[in-house]
$ cat my_file_0.cif   # mmCIF, N, CA and C atoms
data_model
loop_
_atom_site.group_PDB
_atom_site.id
_atom_site.type_symbol
_atom_site.label_atom_id
_atom_site.label_comp_id
_atom_site.auth_asym_id
_atom_site.auth_seq_id
_atom_site.Cartn_x
_atom_site.Cartn_y
_atom_site.Cartn_z
ATOM 1 N N ARG A 1 136.016 18.527 133.007
ATOM 2 C CA ARG A 1 136.492 18.699 131.649
ATOM 3 C C ARG A 1 135.492 19.510 130.858
ATOM 4 N N GLU A 2 135.993 20.358 130.035
ATOM 5 C CA GLU A 2 135.135 21.273 129.285
ATOM 6 C C GLU A 2 134.950 20.782 127.859
ATOM 7 N N MET A 3 133.717 20.835 127.404
ATOM 8 C CA MET A 3 133.445 20.438 126.024
ATOM 9 C C MET A 3 133.335 21.690 125.177
ATOM 10 N N LYS A 4 133.923 21.650 124.019
ATOM 11 C CA LYS A 4 133.787 22.767 123.084
ATOM 12 C C LYS A 4 132.806 22.350 121.998
ATOM 13 N N ILE A 5 131.668 23.012 121.985
ATOM 14 C CA ILE A 5 130.642 22.696 121.000
ATOM 15 C C ILE A 5 130.215 23.996 120.339
ATOM 16 N N GLU A 6 130.079 23.965 119.042
ATOM 17 C CA GLU A 6 129.614 25.132 118.296
ATOM 18 C C GLU A 6 128.113 25.021 118.061
ATOM 19 N N PHE A 7 127.482 26.162 117.848
ATOM 20 C CA PHE A 7 126.078 26.187 117.437
ATOM 21 C C PHE A 7 126.035 26.363 115.926
ATOM 22 N N SER A 8 125.111 25.672 115.278
ATOM 23 C CA SER A 8 124.926 25.835 113.827
ATOM 24 C C SER A 8 124.340 27.216 113.550
ATOM 25 N N ASN A 9 124.431 27.652 112.296
ATOM 26 C CA ASN A 9 123.824 28.928 111.918
ATOM 27 C C ASN A 9 122.321 28.906 112.157
ATOM 28 N N HIS A 10 121.682 27.775 111.885
ATOM 29 C CA HIS A 10 120.236 27.633 112.119
ATOM 30 C C HIS A 10 119.926 27.923 113.579
ATOM 31 N N CYS A 11 120.717 27.320 114.457
ATOM 32 C CA CYS A 11 120.493 27.472 115.891
ATOM 33 C C CYS A 11 120.681 28.935 116.305
ATOM 34 N N ILE A 12 121.718 29.559 115.789
ATOM 35 C CA ILE A 12 122.031 30.946 116.161
ATOM 36 C C ILE A 12 121.026 31.919 115.552
ATOM 37 N N GLU A 13 120.751 31.763 114.264
ATOM 38 C CA GLU A 13 119.920 32.737 113.567
ATOM 39 C C GLU A 13 118.425 32.544 113.769
ATOM 40 N N GLU A 14 117.982 31.290 113.796
ATOM 41 C CA GLU A 14 116.538 31.057 113.849
ATOM 42 C C GLU A 14 116.024 30.624 115.219
ATOM 43 N N ARG A 15 116.926 30.293 116.114
ATOM 44 C CA ARG A 15 116.495 29.831 117.434
ATOM 45 C C ARG A 15 117.085 30.652 118.572
ATOM 46 N N THR A 16 117.492 31.883 118.263
ATOM 47 C CA THR A 16 118.145 32.741 119.251
ATOM 48 C C THR A 16 117.317 32.893 120.519
ATOM 49 N N GLU A 17 116.021 33.186 120.356
ATOM 50 C CA GLU A 17 115.174 33.419 121.525
ATOM 51 C C GLU A 17 115.066 32.173 122.391
ATOM 52 N N ARG A 18 114.922 31.025 121.745
ATOM 53 C CA ARG A 18 114.808 29.777 122.486
ATOM 54 C C ARG A 18 116.112 29.490 123.243
ATOM 55 N N VAL A 19 117.241 29.633 122.549
ATOM 56 C CA VAL A 19 118.543 29.393 123.177
ATOM 57 C C VAL A 19 118.721 30.329 124.370
ATOM 58 N N TYR A 20 118.373 31.598 124.179
ATOM 59 C CA TYR A 20 118.505 32.580 125.249
ATOM 60 C C TYR A 20 117.581 32.242 126.422
ATOM 61 N N GLU A 21 116.333 31.877 126.123
ATOM 62 C CA GLU A 21 115.378 31.553 127.193
ATOM 63 C C GLU A 21 115.886 30.381 128.028
ATOM 64 N N ILE A 22 116.373 29.342 127.368
ATOM 65 C CA ILE A 22 116.890 28.173 128.084
ATOM 66 C C ILE A 22 118.117 28.559 128.907
ATOM 67 N N ALA A 23 119.043 29.278 128.286
ATOM 68 C CA ALA A 23 120.281 29.672 128.969
ATOM 69 C C ALA A 23 119.999 30.539 130.191
ATOM 70 N N SER A 24 119.032 31.438 130.074
ATOM 71 C CA SER A 24 118.794 32.393 131.152
ATOM 72 C C SER A 24 117.819 31.903 132.220
ATOM 73 N N THR A 25 117.135 30.779 131.979
ATOM 74 C CA THR A 25 116.184 30.305 132.991
ATOM 75 C C THR A 25 116.647 29.007 133.650
ATOM 76 N N ILE A 26 116.801 27.939 132.862
ATOM 77 C CA ILE A 26 117.132 26.638 133.467
ATOM 78 C C ILE A 26 118.571 26.203 133.204
ATOM 79 N N GLY A 27 119.208 26.824 132.235
ATOM 80 C CA GLY A 27 120.570 26.426 131.881
ATOM 81 C C GLY A 27 120.556 25.187 130.999
ATOM 82 N N PHE A 28 121.679 24.941 130.347
ATOM 83 C CA PHE A 28 121.754 23.796 129.437
ATOM 84 C C PHE A 28 121.929 22.480 130.185
ATOM 85 N N GLY A 29 122.505 22.524 131.367
ATOM 86 C CA GLY A 29 122.673 21.317 132.173
ATOM 87 C C GLY A 29 123.832 20.452 131.708
ATOM 88 N N GLU A 30 123.916 19.282 132.324
ATOM 89 C CA GLU A 30 124.956 18.301 132.008
ATOM 90 C C GLU A 30 124.331 17.186 131.177
ATOM 91 N N ILE A 31 125.052 16.714 130.181
ATOM 92 C CA ILE A 31 124.523 15.632 129.346
ATOM 93 C C ILE A 31 124.407 14.357 130.159
ATOM 94 N N MET A 32 123.206 13.773 130.123
ATOM 95 C CA MET A 32 122.925 12.520 130.840
ATOM 96 C C MET A 32 123.170 11.314 129.944
ATOM 97 N N GLN A 33 122.731 11.444 128.697
ATOM 98 C CA GLN A 33 122.789 10.298 127.800
ATOM 99 C C GLN A 33 122.766 10.751 126.348
ATOM 100 N N TYR A 34 123.472 9.988 125.517
ATOM 101 C CA TYR A 34 123.476 10.215 124.071
ATOM 102 C C TYR A 34 122.600 9.170 123.392
ATOM 103 N N PHE A 35 121.966 9.580 122.287
ATOM 104 C CA PHE A 35 121.139 8.679 121.488
ATOM 105 C C PHE A 35 121.606 8.805 120.040
ATOM 106 N N PRO A 36 122.561 7.977 119.624
ATOM 107 C CA PRO A 36 123.079 8.083 118.255
ATOM 108 C C PRO A 36 122.038 7.684 117.221
ATOM 109 N N GLY A 37 121.989 8.447 116.139
ATOM 110 C CA GLY A 37 121.094 8.131 115.032
ATOM 111 C C GLY A 37 121.893 8.026 113.751
ATOM 112 N N ALA A 38 121.210 7.813 112.653
ATOM 113 C CA ALA A 38 121.881 7.649 111.358
ATOM 114 C C ALA A 38 122.553 8.943 110.889
ATOM 115 N N HIS A 39 121.894 10.087 111.120
ATOM 116 C CA HIS A 39 122.407 11.349 110.586
ATOM 117 C C HIS A 39 122.682 12.399 111.652
ATOM 118 N N GLU A 40 122.394 12.063 112.892
ATOM 119 C CA GLU A 40 122.569 13.025 113.984
ATOM 120 C C GLU A 40 122.708 12.269 115.299
ATOM 121 N N VAL A 41 123.145 12.985 116.302
ATOM 122 C CA VAL A 41 123.207 12.416 117.648
ATOM 123 C C VAL A 41 122.331 13.299 118.518
ATOM 124 N N LYS A 42 121.450 12.679 119.282
ATOM 125 C CA LYS A 42 120.647 13.432 120.240
ATOM 126 C C LYS A 42 121.302 13.234 121.603
ATOM 127 N N ALA A 43 121.271 14.285 122.395
ATOM 128 C CA ALA A 43 121.800 14.190 123.756
ATOM 129 C C ALA A 43 120.800 14.877 124.669
ATOM 130 N N ILE A 44 120.494 14.255 125.798
ATOM 131 C CA ILE A 44 119.567 14.879 126.739
ATOM 132 C C ILE A 44 120.333 15.282 127.983
ATOM 133 N N THR A 45 120.004 16.464 128.492
ATOM 134 C CA THR A 45 120.693 16.961 129.680
ATOM 135 C C THR A 45 119.798 16.818 130.908
ATOM 136 N N ASP A 46 120.392 17.019 132.068
ATOM 137 C CA ASP A 46 119.639 16.875 133.314
ATOM 138 C C ASP A 46 118.639 18.008 133.552
ATOM 139 N N THR A 47 118.663 19.039 132.713
ATOM 140 C CA THR A 47 117.627 20.080 132.807
ATOM 141 C C THR A 47 116.524 19.853 131.778
ATOM 142 N N GLY A 48 116.585 18.710 131.055
ATOM 143 C CA GLY A 48 115.539 18.373 130.096
ATOM 144 C C GLY A 48 115.746 18.961 128.715
ATOM 145 N N VAL A 49 116.939 19.474 128.447
ATOM 146 C CA VAL A 49 117.228 20.052 127.138
ATOM 147 C C VAL A 49 117.691 18.936 126.201
ATOM 148 N N LEU A 50 117.055 18.876 125.038
ATOM 149 C CA LEU A 50 117.471 17.908 124.027
ATOM 150 C C LEU A 50 118.328 18.646 123.011
ATOM 151 N N LEU A 51 119.558 18.167 122.858
ATOM 152 C CA LEU A 51 120.479 18.739 121.885
ATOM 153 C C LEU A 51 120.475 17.837 120.664
ATOM 154 N N ILE A 52 120.270 18.406 119.499
ATOM 155 C CA ILE A 52 120.390 17.660 118.248
ATOM 156 C C ILE A 52 121.749 18.072 117.679
ATOM 157 N N MET A 53 122.655 17.101 117.575
ATOM 158 C CA MET A 53 124.035 17.407 117.224
ATOM 159 C C MET A 53 124.469 16.691 115.943
ATOM 160 N N THR A 54 125.549 17.185 115.357
ATOM 161 C CA THR A 54 126.150 16.510 114.217
ATOM 162 C C THR A 54 126.700 15.166 114.701
ATOM 163 N N PRO A 55 126.880 14.208 113.798
ATOM 164 C CA PRO A 55 127.348 12.876 114.204
ATOM 165 C C PRO A 55 128.644 12.882 115.025
ATOM 166 N N ASN A 56 129.523 13.875 114.806
ATOM 167 C CA ASN A 56 130.772 13.930 115.577
ATOM 168 C C ASN A 56 130.618 14.695 116.902
ATOM 169 N N LYS A 57 129.395 15.140 117.198
ATOM 170 C CA LYS A 57 129.067 15.846 118.447
ATOM 171 C C LYS A 57 129.795 17.177 118.606
ATOM 172 N N LYS A 58 130.250 17.763 117.517
ATOM 173 C CA LYS A 58 131.004 19.022 117.602
ATOM 174 C C LYS A 58 130.112 20.256 117.407
ATOM 175 N N LYS A 59 128.928 20.053 116.827
ATOM 176 C CA LYS A 59 128.072 21.193 116.534
ATOM 177 C C LYS A 59 126.631 20.874 116.930
ATOM 178 N N ILE A 60 125.979 21.836 117.564
ATOM 179 C CA ILE A 60 124.566 21.696 117.921
ATOM 180 C C ILE A 60 123.750 22.269 116.777
ATOM 181 N N ILE A 61 122.910 21.432 116.195
ATOM 182 C CA ILE A 61 122.058 21.863 115.077
ATOM 183 C C ILE A 61 120.875 22.650 115.628
ATOM 184 N N THR A 62 120.246 22.110 116.657
ATOM 185 C CA THR A 62 119.145 22.802 117.325
ATOM 186 C C THR A 62 119.001 22.219 118.724
ATOM 187 N N LEU A 63 118.197 22.855 119.537
ATOM 188 C CA LEU A 63 117.955 22.353 120.879
ATOM 189 C C LEU A 63 116.610 22.843 121.372
ATOM 190 N N TYR A 64 116.018 22.078 122.249
ATOM 191 C CA TYR A 64 114.748 22.467 122.863
ATOM 192 C C TYR A 64 114.530 21.634 124.109
ATOM 193 N N VAL A 65 113.597 22.070 124.930
ATOM 194 C CA VAL A 65 113.248 21.329 126.141
ATOM 195 C C VAL A 65 112.221 20.272 125.746
ATOM 196 N N VAL A 66 112.482 19.037 126.113
ATOM 197 C CA VAL A 66 111.579 17.946 125.727
ATOM 198 C C VAL A 66 110.325 17.932 126.584
ATOM 199 N N THR A 67 109.283 17.357 126.022
ATOM 200 C CA THR A 67 108.064 17.103 126.784
ATOM 201 C C THR A 67 108.213 15.714 127.402
ATOM 202 N N MET A 68 107.349 15.381 128.313
ATOM 203 C CA MET A 68 107.389 14.053 128.929
ATOM 204 C C MET A 68 107.191 12.972 127.855
ATOM 205 N N ALA A 69 106.290 13.234 126.911
ATOM 206 C CA ALA A 69 106.030 12.254 125.843
ATOM 207 C C ALA A 69 107.287 12.021 125.004
ATOM 208 N N GLN A 70 108.001 13.093 124.677
ATOM 209 C CA GLN A 70 109.235 12.959 123.899
ATOM 210 C C GLN A 70 110.301 12.209 124.695
ATOM 211 N N ALA A 71 110.376 12.499 125.982
ATOM 212 C CA ALA A 71 111.364 11.826 126.845
ATOM 213 C C ALA A 71 111.062 10.333 126.928
ATOM 214 N N LYS A 72 109.775 9.989 127.051
ATOM 215 C CA LYS A 72 109.393 8.572 127.122
ATOM 216 C C LYS A 72 109.788 7.836 125.851
ATOM 217 N N LYS A 73 109.615 8.502 124.720
ATOM 218 C CA LYS A 73 109.978 7.904 123.435
ATOM 219 C C LYS A 73 111.497 7.667 123.382
ATOM 220 N N LEU A 74 112.253 8.686 123.774
ATOM 221 C CA LEU A 74 113.719 8.595 123.761
ATOM 222 C C LEU A 74 114.230 7.462 124.643
ATOM 223 N N PHE A 75 113.704 7.420 125.858
ATOM 224 C CA PHE A 75 114.157 6.431 126.846
ATOM 225 C C PHE A 75 113.364 5.125 126.782
ATOM 226 N N LYS A 76 112.564 4.970 125.739
ATOM 227 C CA LYS A 76 111.720 3.779 125.564
ATOM 228 C C LYS A 76 110.900 3.474 126.831
ATOM 229 N N GLY A 77 110.280 4.532 127.360
ATOM 230 C CA GLY A 77 109.388 4.394 128.504
ATOM 231 C C GLY A 77 110.049 4.509 129.859
ATOM 232 N N GLU A 78 111.364 4.372 129.937
ATOM 233 C CA GLU A 78 112.066 4.376 131.222
ATOM 234 C C GLU A 78 112.769 5.709 131.482
ATOM 235 N N VAL A 79 112.022 6.765 131.658
ATOM 236 C CA VAL A 79 112.604 8.091 131.910
ATOM 237 C C VAL A 79 113.195 8.099 133.326
ATOM 238 N N PRO A 80 114.447 8.524 133.467
ATOM 239 C CA PRO A 80 115.047 8.595 134.807
ATOM 240 C C PRO A 80 114.196 9.454 135.752
ATOM 241 N N VAL A 81 114.089 9.026 136.990
ATOM 242 C CA VAL A 81 113.215 9.673 137.975
ATOM 243 C C VAL A 81 113.479 11.171 138.108
ATOM 244 N N GLN A 82 114.745 11.542 138.217
ATOM 245 C CA GLN A 82 115.093 12.959 138.393
ATOM 246 C C GLN A 82 114.632 13.801 137.198
ATOM 247 N N LEU A 83 114.793 13.261 135.997
ATOM 248 C CA LEU A 83 114.370 13.973 134.794
ATOM 249 C C LEU A 83 112.848 14.089 134.749
ATOM 250 N N LYS A 84 112.157 13.040 135.161
ATOM 251 C CA LYS A 84 110.682 13.074 135.218
ATOM 252 C C LYS A 84 110.209 14.225 136.087
ATOM 253 N N LYS A 85 110.834 14.380 137.256
ATOM 254 C CA LYS A 85 110.452 15.456 138.186
ATOM 255 C C LYS A 85 110.633 16.816 137.533
ATOM 256 N N VAL A 86 111.753 17.005 136.864
ATOM 257 C CA VAL A 86 112.064 18.266 136.197
ATOM 258 C C VAL A 86 111.018 18.567 135.118
ATOM 259 N N LEU A 87 110.723 17.581 134.262
ATOM 260 C CA LEU A 87 109.778 17.788 133.163
ATOM 261 C C LEU A 87 108.363 18.037 133.676
ATOM 262 N N ARG A 88 107.972 17.359 134.730
ATOM 263 C CA ARG A 88 106.631 17.590 135.310
ATOM 264 C C ARG A 88 106.501 19.016 135.820
ATOM 265 N N ARG A 89 107.586 19.499 136.433
ATOM 266 C CA ARG A 89 107.590 20.874 136.944
ATOM 267 C C ARG A 89 107.392 21.869 135.797
ATOM 268 N N TYR A 90 108.070 21.659 134.677
ATOM 269 C CA TYR A 90 107.912 22.547 133.518
ATOM 270 C C TYR A 90 106.478 22.495 133.001
ATOM 271 N N GLU A 91 105.933 21.285 132.915
ATOM 272 C CA GLU A 91 104.575 21.134 132.379
ATOM 273 C C GLU A 91 103.552 21.823 133.273
ATOM 274 N N LYS A 92 103.725 21.716 134.587
ATOM 275 C CA LYS A 92 102.810 22.374 135.529
ATOM 276 C C LYS A 92 102.839 23.887 135.331
ATOM 277 N N LYS A 93 104.035 24.413 135.110
ATOM 278 C CA LYS A 93 104.193 25.860 134.930
ATOM 279 C C LYS A 93 103.846 26.300 133.514
ATOM 280 N N GLY A 94 103.637 25.341 132.614
ATOM 281 C CA GLY A 94 103.326 25.683 131.230
ATOM 282 C C GLY A 94 104.513 26.297 130.501
ATOM 283 N N LYS A 95 105.710 25.904 130.918
ATOM 284 C CA LYS A 95 106.913 26.465 130.300
ATOM 285 C C LYS A 95 107.398 25.603 129.142
ATOM 286 N N PHE A 96 108.133 26.238 128.247
ATOM 287 C CA PHE A 96 108.827 25.546 127.153
ATOM 288 C C PHE A 96 107.900 24.772 126.246
ATOM 289 N N GLN A 97 106.808 25.384 125.849
ATOM 290 C CA GLN A 97 105.889 24.725 124.917
ATOM 291 C C GLN A 97 106.254 25.122 123.499
ATOM 292 N N TYR A 98 107.206 24.427 122.906
ATOM 293 C CA TYR A 98 107.665 24.745 121.570
ATOM 294 C C TYR A 98 106.910 23.935 120.542
ATOM 295 N N ASN A 99 106.971 24.400 119.355
ATOM 296 C CA ASN A 99 106.365 23.686 118.242
ATOM 297 C C ASN A 99 107.462 22.915 117.522
ATOM 298 N N CYS A 100 107.971 21.876 118.149
ATOM 299 C CA CYS A 100 109.086 21.100 117.576
ATOM 300 C C CYS A 100 108.614 19.707 117.233
ATOM 301 N N LYS A 101 109.309 19.122 116.279
ATOM 302 C CA LYS A 101 109.023 17.729 115.928
ATOM 303 C C LYS A 101 109.772 16.836 116.874
#
$ encode --input "my_file_0.cif" --output "structure tokens"
Amino acid sequence: REMKIEFSNHCIEERTERVYEIASTIGFGEIMQYFPGAHEVKAITDTGVLLIMTPNKKKIITLYVVTMAQAKKLFKGEVPVQLKKVLRRYEKKGKFQYNCK
């Protein structure tokens, strides 16, 4: 089944290079888990991409590749094994070092 998700103007205009780098190197992947919040929904994919979405999950506000520390926080310390392997590989290569909160 195909999901139709739009990118916000912020994502398109201010994060074009990041979106392109992710799309052209590791891909966005498949969503593994959602983390609903008060004003947004976070979703993590099997390639380690964190999507920050509107509460209805129809629009991506921004996205970036998570660090191991961010993943541990999201999963409350229990990062899935496969995702851990992926993130360690990125860290070894020094890839995806963004200045994100």
$ closest_atom_pairs --input "my_file_0.cif" --of "stretch 37-77 of chain A" --to "stretch 85-91 of chain A" --cutoff "8 Å" --atoms "only N, CA and C atoms" --output "JSON lines"
{"residue": "A:Asp46", "atom": "C", "partner": "A:Val86", "partner_atom": "CA", "distance": 7.1}
{"residue": "A:Thr47", "atom": "C", "partner": "A:Val86", "partner_atom": "CA", "distance": 6.5}
{"residue": "A:Gly48", "atom": "CA", "partner": "A:Leu87", "partner_atom": "N", "distance": 6.4}
{"residue": "A:Val66", "atom": "C", "partner": "A:Leu87", "partner_atom": "CA", "distance": 6.6}
{"residue": "A:Thr67", "atom": "C", "partner": "A:Leu87", "partner_atom": "CA", "distance": 6.3}
{"residue": "A:Met68", "atom": "N", "partner": "A:Leu87", "partner_atom": "CA", "distance": 5.9}
$ atom_distance --input "my_file_0.cif" --atom1 "atom CA of A:Gly29" --atom2 "atom N of A:Val49"
7.1 Å
$ closest_residue --input "my_file_0.cif" --among "A:Ile22, A:Ile44, A:Ile60, A:Leu50" --to "A:Phe7" --atoms "only N, CA and C atoms"
A:Ile60
$ residues_around --input "my_file_0.cif" --residues "A:Ala38" --least-positions-apart "4" --cutoff "12 Å" --atoms "only C-alpha atoms" --output "VMD selection string"
chain A and resid 42 53 to 56
$ residues_around --input "my_file_0.cif" --residues "A:Lys57" --least-positions-apart "6" --cutoff "10 Å" --atoms "only C-alpha atoms" --output "number ranges by chain"
A: 3-6, 34, 36, 40-43, 51
$ write_last_selection --input "my_file_0.cif" --atoms "N, CA and C atoms" --output "short mmCIF file (atom, residue, chain, number, x, y, z; two decimals), in the frame of the given file"
data_model
loop_
_atom_site.label_atom_id
_atom_site.label_comp_id
_atom_site.auth_asym_id
_atom_site.auth_seq_id
_atom_site.Cartn_x
_atom_site.Cartn_y
_atom_site.Cartn_z
N MET A 3 133.72 20.84 127.40
CA MET A 3 133.44 20.44 126.02
C MET A 3 133.34 21.69 125.18
N LYS A 4 133.92 21.65 124.02
CA LYS A 4 133.79 22.77 123.08
C LYS A 4 132.81 22.35 122.00
N ILE A 5 131.67 23.01 121.98
CA ILE A 5 130.64 22.70 121.00
C ILE A 5 130.22 24.00 120.34
N GLU A 6 130.08 23.96 119.04
CA GLU A 6 129.61 25.13 118.30
C GLU A 6 128.11 25.02 118.06
N TYR A 34 123.47 9.99 125.52
CA TYR A 34 123.48 10.22 124.07
C TYR A 34 122.60 9.17 123.39
N PRO A 36 122.56 7.98 119.62
CA PRO A 36 123.08 8.08 118.26
C PRO A 36 122.04 7.68 117.22
N GLU A 40 122.39 12.06 112.89
CA GLU A 40 122.57 13.02 113.98
C GLU A 40 122.71 12.27 115.30
N VAL A 41 123.14 12.98 116.30
CA VAL A 41 123.21 12.42 117.65
C VAL A 41 122.33 13.30 118.52
N LYS A 42 121.45 12.68 119.28
CA LYS A 42 120.65 13.43 120.24
C LYS A 42 121.30 13.23 121.60
N ALA A 43 121.27 14.28 122.40
CA ALA A 43 121.80 14.19 123.76
C ALA A 43 120.80 14.88 124.67
N LEU A 51 119.56 18.17 122.86
CA LEU A 51 120.48 18.74 121.88
C LEU A 51 120.48 17.84 120.66
#
$ closest_residue --input "my_file_0.cif" --among "A:Arg15, A:Tyr64, A:Met32, A:Gly77" --to "A:Phe96" --atoms "only C-alpha atoms"
A:Tyr64
$ atom_distance --input "my_file_0.cif" --atom1 "atom N of A:Thr25" --atom2 "atom N of A:Gly37"
27.8 Å
$ atom_distance --input "my_file_0.cif" --atom1 "atom CA of A:Glu21" --atom2 "atom CA of A:Thr45"
15.7 Å
$ select_by_dssp --input "my_file_0.cif" --residues "chain A" --states "alpha helix (DSSP H)" --output "PyMOL selection string"
chain A and resi 9-14+16-25+68-74+81-93
$ closest_residue --input "my_file_0.cif" --among "A:Ala69, A:Leu74, A:Val79, A:Ile61" --to "A:Glu14" --atoms "only C-alpha atoms"
A:Ile61
$ build_atoms --input "my_file_0.cif" --residues "stretch 68-76 of chain A" --atoms "all heavy atoms" --output "PDB file, keeping the file's coordinate frame"
ATOM      1  N   MET A  68     107.349  15.381 128.313  1.00  0.00           N
ATOM      2  CA  MET A  68     107.389  14.053 128.929  1.00  0.00           C
ATOM      3  C   MET A  68     107.191  12.972 127.855  1.00  0.00           C
ATOM      4  O   MET A  68     107.872  11.950 127.860  1.00  0.00           O
ATOM      5  CB  MET A  68     106.306  13.935 130.001  1.00  0.00           C
ATOM      6  CG  MET A  68     106.403  12.655 130.799  1.00  0.00           C
ATOM      7  SD  MET A  68     107.905  12.541 131.804  1.00  0.00           S
ATOM      8  CE  MET A  68     107.443  13.622 133.153  1.00  0.00           C
ATOM      9  N   ALA A  69     106.290  13.234 126.911  1.00  0.00           N
ATOM     10  CA  ALA A  69     106.030  12.254 125.843  1.00  0.00           C
ATOM     11  C   ALA A  69     107.287  12.021 125.004  1.00  0.00           C
ATOM     12  O   ALA A  69     107.619  10.878 124.666  1.00  0.00           O
ATOM     13  CB  ALA A  69     104.885  12.740 124.962  1.00  0.00           C
ATOM     14  N   GLN A  70     108.001  13.093 124.677  1.00  0.00           N
ATOM     15  CA  GLN A  70     109.235  12.959 123.899  1.00  0.00           C
ATOM     16  C   GLN A  70     110.301  12.209 124.695  1.00  0.00           C
ATOM     17  O   GLN A  70     111.022  11.375 124.149  1.00  0.00           O
ATOM     18  CB  GLN A  70     109.753  14.342 123.484  1.00  0.00           C
ATOM     19  CG  GLN A  70     108.873  15.025 122.456  1.00  0.00           C
ATOM     20  CD  GLN A  70     109.183  16.510 122.324  1.00  0.00           C
ATOM     21  OE1 GLN A  70     109.563  17.180 123.280  1.00  0.00           O
ATOM     22  NE2 GLN A  70     109.000  17.036 121.119  1.00  0.00           N
ATOM     23  N   ALA A  71     110.376  12.499 125.982  1.00  0.00           N
ATOM     24  CA  ALA A  71     111.364  11.826 126.845  1.00  0.00           C
ATOM     25  C   ALA A  71     111.062  10.333 126.928  1.00  0.00           C
ATOM     26  O   ALA A  71     111.970   9.503 126.861  1.00  0.00           O
ATOM     27  CB  ALA A  71     111.371  12.454 128.236  1.00  0.00           C
ATOM     28  N   LYS A  72     109.775   9.989 127.051  1.00  0.00           N
ATOM     29  CA  LYS A  72     109.393   8.572 127.122  1.00  0.00           C
ATOM     30  C   LYS A  72     109.788   7.836 125.851  1.00  0.00           C
ATOM     31  O   LYS A  72     110.248   6.702 125.890  1.00  0.00           O
ATOM     32  CB  LYS A  72     107.885   8.428 127.365  1.00  0.00           C
ATOM     33  CG  LYS A  72     107.501   8.664 128.805  1.00  0.00           C
ATOM     34  CD  LYS A  72     106.006   8.509 129.023  1.00  0.00           C
ATOM     35  CE  LYS A  72     105.668   8.764 130.477  1.00  0.00           C
ATOM     36  NZ  LYS A  72     104.248   8.973 130.678  1.00  0.00           N
ATOM     37  N   LYS A  73     109.615   8.502 124.720  1.00  0.00           N
ATOM     38  CA  LYS A  73     109.978   7.904 123.435  1.00  0.00           C
ATOM     39  C   LYS A  73     111.497   7.667 123.382  1.00  0.00           C
ATOM     40  O   LYS A  73     111.949   6.596 122.995  1.00  0.00           O
ATOM     41  CB  LYS A  73     109.553   8.843 122.313  1.00  0.00           C
ATOM     42  CG  LYS A  73     109.147   8.154 121.033  1.00  0.00           C
ATOM     43  CD  LYS A  73     108.936   9.194 119.949  1.00  0.00           C
ATOM     44  CE  LYS A  73     107.569   9.150 119.351  1.00  0.00           C
ATOM     45  NZ  LYS A  73     107.388  10.158 118.318  1.00  0.00           N
ATOM     46  N   LEU A  74     112.253   8.686 123.774  1.00  0.00           N
ATOM     47  CA  LEU A  74     113.719   8.595 123.761  1.00  0.00           C
ATOM     48  C   LEU A  74     114.230   7.462 124.643  1.00  0.00           C
ATOM     49  O   LEU A  74     115.083   6.689 124.254  1.00  0.00           O
ATOM     50  CB  LEU A  74     114.333   9.894 124.287  1.00  0.00           C
ATOM     51  CG  LEU A  74     114.712  10.973 123.312  1.00  0.00           C
ATOM     52  CD1 LEU A  74     115.260  12.168 124.082  1.00  0.00           C
ATOM     53  CD2 LEU A  74     115.720  10.512 122.289  1.00  0.00           C
ATOM     54  N   PHE A  75     113.704   7.420 125.858  1.00  0.00           N
ATOM     55  CA  PHE A  75     114.157   6.431 126.846  1.00  0.00           C
ATOM     56  C   PHE A  75     113.364   5.125 126.782  1.00  0.00           C
ATOM     57  O   PHE A  75     113.465   4.304 127.680  1.00  0.00           O
ATOM     58  CB  PHE A  75     114.062   7.011 128.266  1.00  0.00           C
ATOM     59  CG  PHE A  75     115.127   8.014 128.583  1.00  0.00           C
ATOM     60  CD1 PHE A  75     114.867   9.374 128.518  1.00  0.00           C
ATOM     61  CD2 PHE A  75     116.396   7.607 128.967  1.00  0.00           C
ATOM     62  CE1 PHE A  75     115.849  10.315 128.825  1.00  0.00           C
ATOM     63  CE2 PHE A  75     117.384   8.532 129.282  1.00  0.00           C
ATOM     64  CZ  PHE A  75     117.106   9.885 129.208  1.00  0.00           C
ATOM     65  N   LYS A  76     112.564   4.970 125.739  1.00  0.00           N
ATOM     66  CA  LYS A  76     111.720   3.779 125.564  1.00  0.00           C
ATOM     67  C   LYS A  76     110.900   3.474 126.831  1.00  0.00           C
ATOM     68  O   LYS A  76     110.845   2.357 127.315  1.00  0.00           O
ATOM     69  CB  LYS A  76     112.579   2.576 125.170  1.00  0.00           C
ATOM     70  CG  LYS A  76     113.262   2.807 123.816  1.00  0.00           C
ATOM     71  CD  LYS A  76     114.123   1.653 123.402  1.00  0.00           C
ATOM     72  CE  LYS A  76     114.801   1.809 122.070  1.00  0.00           C
ATOM     73  NZ  LYS A  76     115.106   3.101 121.573  1.00  0.00           N
TER      74      LYS A  76
END
